[in-house]
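*Asks:* This one is run-v2.csv, CSV, C-alpha atoms.
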```csv
chain,number,residue,atom,x,y,z
A,1,MET,CA,-53.5,0.9,9.8
A,2,ILE,CA,-52.4,4.5,9.5
A,3,PHE,CA,-49.6,3.8,12.0
A,4,ILE,CA,-48.4,0.8,9.9
A,5,PHE,CA,-48.5,2.9,6.8
A,6,PHE,CA,-46.3,5.6,8.2
A,7,LEU,CA,-44.0,3.0,9.7
A,8,VAL,CA,-43.5,1.5,6.3
A,9,VAL,CA,-42.9,4.9,4.8
A,10,ALA,CA,-40.4,5.7,7.5
A,11,VAL,CA,-38.5,2.4,6.9
A,12,VAL,CA,-38.3,3.1,3.2
A,13,LEU,CA,-37.0,6.6,3.8
A,14,VAL,CA,-34.4,5.3,6.2
A,15,PHE,CA,-33.1,2.9,3.6
A,16,ALA,CA,-33.1,5.6,0.9
A,17,ILE,CA,-31.1,8.0,3.1
A,18,LYS,CA,-28.7,5.2,4.1
A,19,ASN,CA,-28.0,4.2,0.5
A,20,ASN,CA,-27.8,7.6,-1.1
A,21,LEU,CA,-24.8,9.9,-1.2
A,22,SER,CA,-24.9,13.4,-0.1
A,23,SER,CA,-23.9,16.2,-2.5
A,24,SER,CA,-20.5,16.5,-0.7
A,25,GLN,CA,-19.9,12.8,-1.1
A,26,THR,CA,-20.7,12.9,-4.8
A,27,LYS,CA,-18.2,15.8,-5.2
A,28,GLN,CA,-15.6,13.9,-3.2
A,29,LEU,CA,-15.8,10.9,-5.5
A,30,HIS,CA,-15.6,13.0,-8.6
A,31,SER,CA,-12.8,15.1,-7.2
A,32,GLN,CA,-10.8,12.0,-6.5
A,33,ILE,CA,-11.3,10.6,-10.1
A,34,THR,CA,-10.4,14.0,-11.6
A,35,LYS,CA,-7.2,14.1,-9.6
A,36,ILE,CA,-6.2,10.6,-10.6
A,37,LYS,CA,-6.9,11.4,-14.3
A,38,GLN,CA,-4.7,14.5,-14.0
A,39,GLN,CA,-1.9,12.4,-12.5
A,40,ILE,CA,-2.2,9.8,-15.3
A,41,HIS,CA,-1.8,12.6,-17.9
A,42,SER,CA,1.2,13.9,-16.0
A,43,PHE,CA,2.7,10.4,-16.1
A,44,GLN,CA,2.1,10.2,-19.8
A,45,ASP,CA,3.6,13.6,-20.5
A,46,LYS,CA,6.8,12.5,-18.7
A,47,TYR,CA,7.2,8.9,-19.8
A,48,GLN,CA,5.2,8.8,-23.0
A,49,ALA,CA,3.4,5.7,-21.7
A,50,LEU,CA,0.7,4.7,-19.3
A,51,PRO,CA,1.5,3.5,-15.8
A,52,GLY,CA,1.4,-0.3,-15.7
A,53,ASP,CA,1.7,-0.5,-19.5
A,54,ILE,CA,5.1,1.2,-19.7
A,55,ASN,CA,7.8,-1.2,-20.9
A,56,ASN,CA,10.8,0.2,-19.1
A,57,ALA,CA,9.4,0.7,-15.6
A,58,PHE,CA,12.1,-1.2,-13.9
A,59,GLU,CA,14.9,0.7,-15.7
A,60,LEU,CA,13.3,4.0,-14.7
A,61,LYS,CA,13.1,2.8,-11.0
A,62,LEU,CA,9.3,2.9,-10.9
A,63,SER,CA,9.6,-0.4,-9.1
A,64,ASN,CA,12.2,-2.5,-7.3
A,65,TYR,CA,11.5,-5.6,-9.4
A,66,PRO,CA,10.6,-6.3,-13.1
A,67,THR,CA,7.1,-4.8,-13.7
A,68,ASN,CA,7.4,-3.8,-17.3
A,69,GLY,CA,4.2,-3.7,-19.4
A,70,ASN,CA,3.9,-4.3,-23.1
A,71,ALA,CA,3.4,-0.7,-24.2
A,72,ASP,CA,0.3,-1.4,-26.3
A,73,GLY,CA,-1.7,1.5,-24.7
A,74,ILE,CA,-4.1,-0.9,-22.9
A,75,ILE,CA,-4.1,-1.7,-19.2
A,76,THR,CA,-4.8,-5.4,-18.9
A,77,ASP,CA,-4.0,-8.5,-16.8
A,78,SER,CA,-1.5,-11.3,-17.5
A,79,ILE,CA,-4.0,-13.2,-19.7
A,80,SER,CA,-5.4,-10.1,-21.5
A,81,GLU,CA,-8.9,-10.8,-20.3
A,82,ASN,CA,-9.1,-8.5,-17.2
A,83,LYS,CA,-10.2,-11.4,-15.1
A,84,LEU,CA,-7.3,-11.2,-12.7
A,85,PHE,CA,-5.9,-8.4,-10.5
A,86,ASP,CA,-2.3,-8.8,-11.6
A,87,ALA,CA,0.3,-7.6,-14.2
A,88,GLU,CA,-0.6,-4.2,-15.6
A,89,LEU,CA,-3.8,-3.8,-13.4
A,90,THR,CA,-1.6,-4.1,-10.3
A,91,ASN,CA,1.4,-2.3,-11.6
A,92,PHE,CA,-0.7,0.7,-12.8
A,93,TRP,CA,-1.0,1.9,-9.2
A,94,LEU,CA,2.5,0.9,-8.2
A,95,HIS,CA,4.0,2.9,-11.0
A,96,LEU,CA,1.7,5.9,-10.5
A,97,GLY,CA,2.6,6.1,-6.8
A,98,ASN,CA,6.3,5.7,-7.4
A,99,ALA,CA,6.5,8.3,-10.1
A,100,GLY,CA,5.7,11.0,-7.5
A,101,PHE,CA,2.5,12.3,-9.2
A,102,PHE,CA,0.3,10.5,-6.8
A,103,ALA,CA,-0.1,11.3,-3.1
A,104,GLU,CA,-0.4,7.7,-2.1
A,105,LYS,CA,1.9,4.7,-2.5
A,106,TYR,CA,0.7,1.2,-3.4
A,107,ASP,CA,2.3,-2.1,-2.5
A,108,GLY,CA,2.0,-3.9,-5.9
A,109,PHE,CA,0.4,-6.9,-4.3
A,110,SER,CA,-1.8,-8.9,-6.7
A,111,ASN,CA,-4.8,-11.3,-6.8
A,112,GLU,CA,-5.6,-12.7,-3.3
A,113,SER,CA,-3.0,-10.5,-1.7
A,114,ALA,CA,-4.6,-7.3,-3.0
A,115,ARG,CA,-6.2,-5.0,-0.4
A,116,ILE,CA,-8.4,-1.9,-1.0
A,117,GLY,CA,-6.4,1.1,0.2
A,118,PHE,CA,-3.1,-0.6,0.0
A,119,SER,CA,-2.8,-2.2,-3.5
A,120,LEU,CA,-5.3,0.1,-5.1
A,121,PRO,CA,-7.2,3.3,-4.0
A,122,LYS,CA,-10.3,3.2,-2.0
A,123,ALA,CA,-13.1,5.1,-3.7
A,124,GLN,CA,-13.9,8.2,-1.7
A,125,GLY,CA,-17.4,9.3,-0.8
A,126,ILE,CA,-18.8,5.7,-1.0
A,127,LYS,CA,-20.8,4.6,2.0
A,128,LYS,CA,-18.8,2.5,4.4
A,129,ASN,CA,-21.0,-0.6,4.0
A,130,ASN,CA,-20.3,-0.5,0.2
A,131,GLU,CA,-16.6,0.1,0.4
A,132,ALA,CA,-15.0,-0.2,-3.1
A,133,GLY,CA,-11.7,0.0,-4.7
A,134,ILE,CA,-10.7,1.7,-8.0
A,135,VAL,CA,-9.4,-0.5,-10.8
A,136,ALA,CA,-7.7,0.8,-14.0
A,137,PHE,CA,-8.3,-1.5,-17.0
A,138,GLY,CA,-8.8,-1.3,-20.7
A,139,TYR,CA,-9.5,-3.2,-23.9
A,140,ASN,CA,-9.3,-2.8,-27.7
A,141,GLN,CA,-12.4,-1.2,-29.2
A,142,ASN,CA,-12.7,-0.9,-33.0
A,143,GLY,CA,-8.9,-1.0,-33.3
A,144,GLY,CA,-8.3,1.6,-30.6
A,145,ALA,CA,-7.4,1.5,-26.9
A,146,VAL,CA,-10.0,2.4,-24.4
A,147,ASN,CA,-9.1,2.6,-20.7
A,148,PHE,CA,-11.2,3.2,-17.6
A,149,LEU,CA,-11.2,3.8,-13.9
A,150,HIS,CA,-13.7,1.4,-12.5
A,151,ILE,CA,-15.5,2.1,-9.3
A,152,GLY,CA,-16.6,-1.2,-7.7
A,153,PHE,CA,-13.6,-3.4,-6.9
A,154,SER,CA,-14.6,-5.8,-4.2
A,155,GLU,CA,-11.8,-8.4,-3.8
A,156,ALA,CA,-9.6,-10.8,-5.9
A,157,ASP,CA,-8.3,-14.3,-5.6
A,158,ALA,CA,-6.0,-16.4,-7.7
A,159,THR,CA,-8.5,-17.0,-10.5
A,160,ASN,CA,-10.9,-14.0,-10.4
A,161,LEU,CA,-11.3,-10.2,-9.9
A,162,TYR,CA,-14.6,-9.5,-8.2
A,163,THR,CA,-16.7,-6.3,-8.5
A,164,LYS,CA,-19.9,-5.3,-6.9
A,165,PRO,CA,-22.6,-2.5,-7.1
A,166,VAL,CA,-21.7,0.4,-4.9
A,167,LEU,CA,-24.1,3.2,-6.0
A,168,THR,CA,-27.9,3.5,-6.3
A,169,ALA,CA,-29.2,4.2,-9.7
A,170,LYS,CA,-30.2,7.7,-8.5
A,171,ASN,CA,-26.6,8.5,-7.4
A,172,ALA,CA,-25.1,7.1,-10.5
A,173,ASN,CA,-27.4,9.3,-12.5
A,174,ILE,CA,-26.5,12.4,-10.5
A,175,ILE,CA,-22.8,11.8,-11.0
A,176,ASP,CA,-23.2,11.1,-14.7
A,177,LYS,CA,-25.6,14.0,-15.3
A,178,LYS,CA,-23.5,16.5,-13.4
A,179,PHE,CA,-20.1,15.6,-14.9
A,180,ASP,CA,-21.0,14.0,-18.3
A,181,ASP,CA,-24.0,13.4,-20.5
A,182,GLY,CA,-26.3,11.7,-18.0
A,183,LEU,CA,-26.6,8.5,-20.1
A,184,PRO,CA,-25.3,5.2,-18.8
A,185,ASN,CA,-24.2,3.8,-22.2
A,186,SER,CA,-22.4,6.8,-23.7
A,187,GLY,CA,-20.0,9.6,-22.9
A,188,LYS,CA,-16.9,9.5,-20.6
A,189,ILE,CA,-18.9,8.0,-17.7
A,190,LEU,CA,-20.5,4.6,-18.2
A,191,ALA,CA,-22.6,2.5,-15.9
A,192,LYS,CA,-22.2,-1.2,-15.4
A,193,THR,CA,-23.3,-4.0,-13.2
A,194,GLY,CA,-22.3,-7.6,-12.5
A,195,ASN,CA,-19.7,-9.5,-10.5
A,196,ASN,CA,-16.5,-8.8,-12.6
A,197,LEU,CA,-15.2,-6.4,-15.3
A,198,GLN,CA,-16.9,-8.3,-18.1
A,199,ASP,CA,-20.2,-9.1,-16.4
A,200,ASN,CA,-23.2,-6.9,-17.0
A,201,SER,CA,-25.9,-9.1,-15.6
A,202,ARG,CA,-28.7,-7.5,-13.7
A,203,GLN,CA,-28.2,-4.2,-15.5
A,204,GLU,CA,-32.0,-3.7,-15.5
A,205,GLU,CA,-31.6,-2.9,-11.8
A,206,CYS,CA,-29.4,0.1,-12.7
A,207,PHE,CA,-30.6,1.3,-16.1
A,208,GLN,CA,-32.9,0.4,-19.0
A,209,ASN,CA,-33.1,1.8,-22.6
A,210,ASN,CA,-30.0,4.0,-21.9
A,211,LYS,CA,-31.7,5.7,-19.0
A,212,TYR,CA,-30.9,5.4,-15.3
A,213,LEU,CA,-33.7,4.1,-13.1
A,214,ALA,CA,-35.1,6.4,-10.4
A,215,ASN,CA,-34.4,3.8,-7.7
A,216,SER,CA,-32.9,5.3,-4.6
A,217,ASN,CA,-33.0,2.4,-2.1
A,218,ILE,CA,-31.2,-0.4,-4.0
A,219,VAL,CA,-27.5,-0.3,-4.5
A,220,ALA,CA,-27.3,-1.6,-8.1
A,221,CYS,CA,-24.7,0.4,-10.1
A,222,GLN,CA,-21.0,0.6,-10.8
A,223,LEU,CA,-19.3,3.4,-12.8
A,224,LEU,CA,-16.6,3.5,-15.4
A,225,PHE,CA,-14.6,6.8,-16.0
A,226,SER,CA,-12.7,6.8,-19.2
A,227,PHE,CA,-9.2,8.3,-19.4
```
Spell out the structure here as structure tokens.

*Replies:*
Amino acid sequence: MIFIFFLVVAVVLVFAIKNNLSSSQTKQLHSQITKIKQQIHSFQDKYQALPGDINNAFELKLSNYPTNGNADGIITDSISENKLFDAELTNFWLHLGNAGFFAEKYDGFSNESARIGFSLPKAQGIKKNNEAGIVAFGYNQNGGAVNFLHIGFSEADATNLYTKPVLTAKNANIIDKKFDDGLPNSGKILAKTGNNLQDNSRQEECFQNNKYLANSNIVACQLLFSF
């Protein structure tokens, strides 16, 4: 019985270690997000608009084909519902790369042609088995524009953009607490769950009552970084 007990404990520890990020991986992810946000601000300073949303991108040679946005200050898809990986969501990375502020270049491919690391950045520091892309998107909140870098892009097809949990609640808490207010529903870092940018189902696996759970062996959380 004692052997079985220690065996179970060992298995639990293995899963916890496998799922949790090291301190260096946490720093790597936050450093990547910080760098992207700095590049977004540099783009805004030069063009007085957001990448993807800029309405004269083609004229400024930020792309080789018409990719102009509507200049409303909100990064969104072609149907203004952030259900697709197309339009401003796709062109955000294309413009940012072509402006010269971003080290990487992105191909501008959308929907089912989109690939993590080619059409949008791959989130750094995330465990390989939970590989995730970074999506930029926004919406109108109380009459103002709110935009985020979302960690958790999985894939896309012609009708949907899919996301998935990529962090344990413990890791999400560490990142939020270290670089923001430590609360999943407030501040510049927000937690979410679900299978797309609107879906928050199963959030009880990540946080409850505006507190992250202490869970360290279930990958349950996605994160939003406002910019």

*Asks:* Which residues come within 6 Å of Cys206 in chain A, counting all atoms listed in the file, excluding same-chain residues fewer than 3 positions away, as a list of chain:residue names?

*Replies:*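 Listed by chain and then number, they are A:Ala169, A:Gln203, A:Leu213, A:Ala220, A:Cys221.
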
*Asks:* Can you spit out the residues from that selection as a PDB file, keeping the file's coordinate frame, using C-alpha atoms?

*Replies:*
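Result file out.pdb:
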```pdb
ATOM      1  CA  ALA A 169     -29.200   4.200  -9.700  1.00  0.00           C
ATOM      2  CA  GLN A 203     -28.200  -4.200 -15.500  1.00  0.00           C
ATOM      3  CA  LEU A 213     -33.700   4.100 -13.100  1.00  0.00           C
ATOM      4  CA  ALA A 220     -27.300  -1.600  -8.100  1.00  0.00           C
ATOM      5  CA  CYS A 221     -24.700   0.400 -10.100  1.00  0.00           C
TER       6      CYS A 221
END
```

*Asks:* Nearest to Asn196 in chain A: which of A:Asn217, A:Asn64, A:Ser154, A:Thr168 is it, counting only C-alpha atoms?

*Replies:*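 Residue with the minimum atom-to-atom distance to Asn196 in chain A: A:Ser154.
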
*Asks:* Nearest residue to Gln39 in chain A out of A:Lys83, A:Glu59, A:Pro165, A:Phe227, using only C-alpha atoms?

*Replies:*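 Under the stated criterion, the closest residue is A:Phe227.
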
*Asks:* As a list in words, please: the residues near range 107-112 of chain A (cut-off 8 Å, only C-alpha atoms, same-chain neighbours under 3 positions excluded).

*Replies:* Leu84, Phe85, Asp86, Ala87, Thr90, Asn91, Trp93, Leu94, Arg115, Phe118, Ser119, Glu155, Ala156, Asp157, Ala158, Thr159, Asn160 and Leu161 of chain A

*Asks:* Between CA of Ala191 in chain A and CA of Lys27 in chain A, what is the spacing in Å?

*Replies:*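 Distance reported for this atom pair: 17.6 Å.
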
*Asks:* For His95 in chain A, which residue among A:His41, A:Lys211, A:Lys61, A:Lys128 is the nearest when counting all atoms listed in the file?

*Replies:*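 With all atoms listed in the file as the atom set, the closest residue is A:Lys61.
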
*Asks:* Between range 65-104 of chain A and range 137-149 of chain A, at 10 Å or less, what are the per-residue closest atom pairs and their distances in Å? Count all atoms listed in the file, order by chain and rising residue number, and return it as JSON lines.

*Replies:*
```
{"residue": "A:Asp72", "atom": "CA", "partner": "A:Ala145", "partner_atom": "CA", "distance": 8.2}
{"residue": "A:Gly73", "atom": "CA", "partner": "A:Ala145", "partner_atom": "CA", "distance": 6.1}
{"residue": "A:Ile74", "atom": "CA", "partner": "A:Gly138", "partner_atom": "CA", "distance": 5.2}
{"residue": "A:Ile75", "atom": "CA", "partner": "A:Phe137", "partner_atom": "CA", "distance": 4.7}
{"residue": "A:Thr76", "atom": "CA", "partner": "A:Phe137", "partner_atom": "CA", "distance": 5.6}
{"residue": "A:Asp77", "atom": "CA", "partner": "A:Phe137", "partner_atom": "CA", "distance": 8.2}
{"residue": "A:Ser80", "atom": "CA", "partner": "A:Tyr139", "partner_atom": "CA", "distance": 8.4}
{"residue": "A:Glu81", "atom": "CA", "partner": "A:Tyr139", "partner_atom": "CA", "distance": 8.4}
{"residue": "A:Asn82", "atom": "CA", "partner": "A:Phe137", "partner_atom": "CA", "distance": 7.0}
{"residue": "A:Phe85", "atom": "CA", "partner": "A:Phe137", "partner_atom": "CA", "distance": 9.8}
{"residue": "A:Glu88", "atom": "CA", "partner": "A:Phe137", "partner_atom": "CA", "distance": 8.3}
{"residue": "A:Leu89", "atom": "CA", "partner": "A:Phe137", "partner_atom": "CA", "distance": 6.2}
{"residue": "A:Thr90", "atom": "CA", "partner": "A:Phe137", "partner_atom": "CA", "distance": 9.8}
{"residue": "A:Phe92", "atom": "CA", "partner": "A:Phe137", "partner_atom": "CA", "distance": 9.0}
```

*Asks:* Kindly give the distance, in Å, that separates CA of Lys105 in chain A and CA of Leu50 in chain A, rounded to a single decimal.

*Replies:*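 According to the coordinates, CA of Lys105 in chain A and CA of Leu50 in chain A are separated by 16.8 Å.
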
*Asks:* In the coordinates of the file, take the point (-7.6, 8.5, -9.4) and a cut-off of 9 Å; then, counting only C-alpha atoms, name each qualifying protein, DNA or RNA residue as a list in words.

*Replies:*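 With a cut-off of 9 Å, the residues come to Ser31, Gln32, Ile33, Thr34, Lys35, Ile36, Lys37, Gln38, Gln39, Ile40, Phe102, Pro121, Ala123, Ile134, Ala136 and Leu149 of chain A.
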
*Asks:* Taking (-22.3, 17.4, -4.0) in the file's coordinates, which residues come within 12 Å, counting all atoms listed in the file, written as a compact mmCIF listing (two decimals) with C-alpha atoms, keeping the file's coordinate frame?

*Replies:*
```
# COMPACT_ATOMS: atom_id res chain seq x y z
CA ASN A 20 -27.80 7.60 -1.10
CA LEU A 21 -24.80 9.90 -1.20
CA SER A 22 -24.90 13.40 -0.10
CA SER A 23 -23.90 16.20 -2.50
CA SER A 24 -20.50 16.50 -0.70
CA GLN A 25 -19.90 12.80 -1.10
CA THR A 26 -20.70 12.90 -4.80
CA LYS A 27 -18.20 15.80 -5.20
CA GLN A 28 -15.60 13.90 -3.20
CA LEU A 29 -15.80 10.90 -5.50
CA HIS A 30 -15.60 13.00 -8.60
CA SER A 31 -12.80 15.10 -7.20
CA GLY A 125 -17.40 9.30 -0.80
CA ASN A 171 -26.60 8.50 -7.40
CA ILE A 174 -26.50 12.40 -10.50
CA ILE A 175 -22.80 11.80 -11.00
CA LYS A 178 -23.50 16.50 -13.40
CA PHE A 179 -20.10 15.60 -14.90
```

*Asks:* Return the single residue from A:Ile189, A:Ala71, A:Phe101, A:Gly194 that is closest to Asn173 in chain A, with distances computed using all atoms listed in the file.

*Replies:* A:Ile189

*Asks:* Do you have the CA of Asp53 in chain A-CA of Leu96 in chain A distance handy?

*Replies:* 11.0 Å
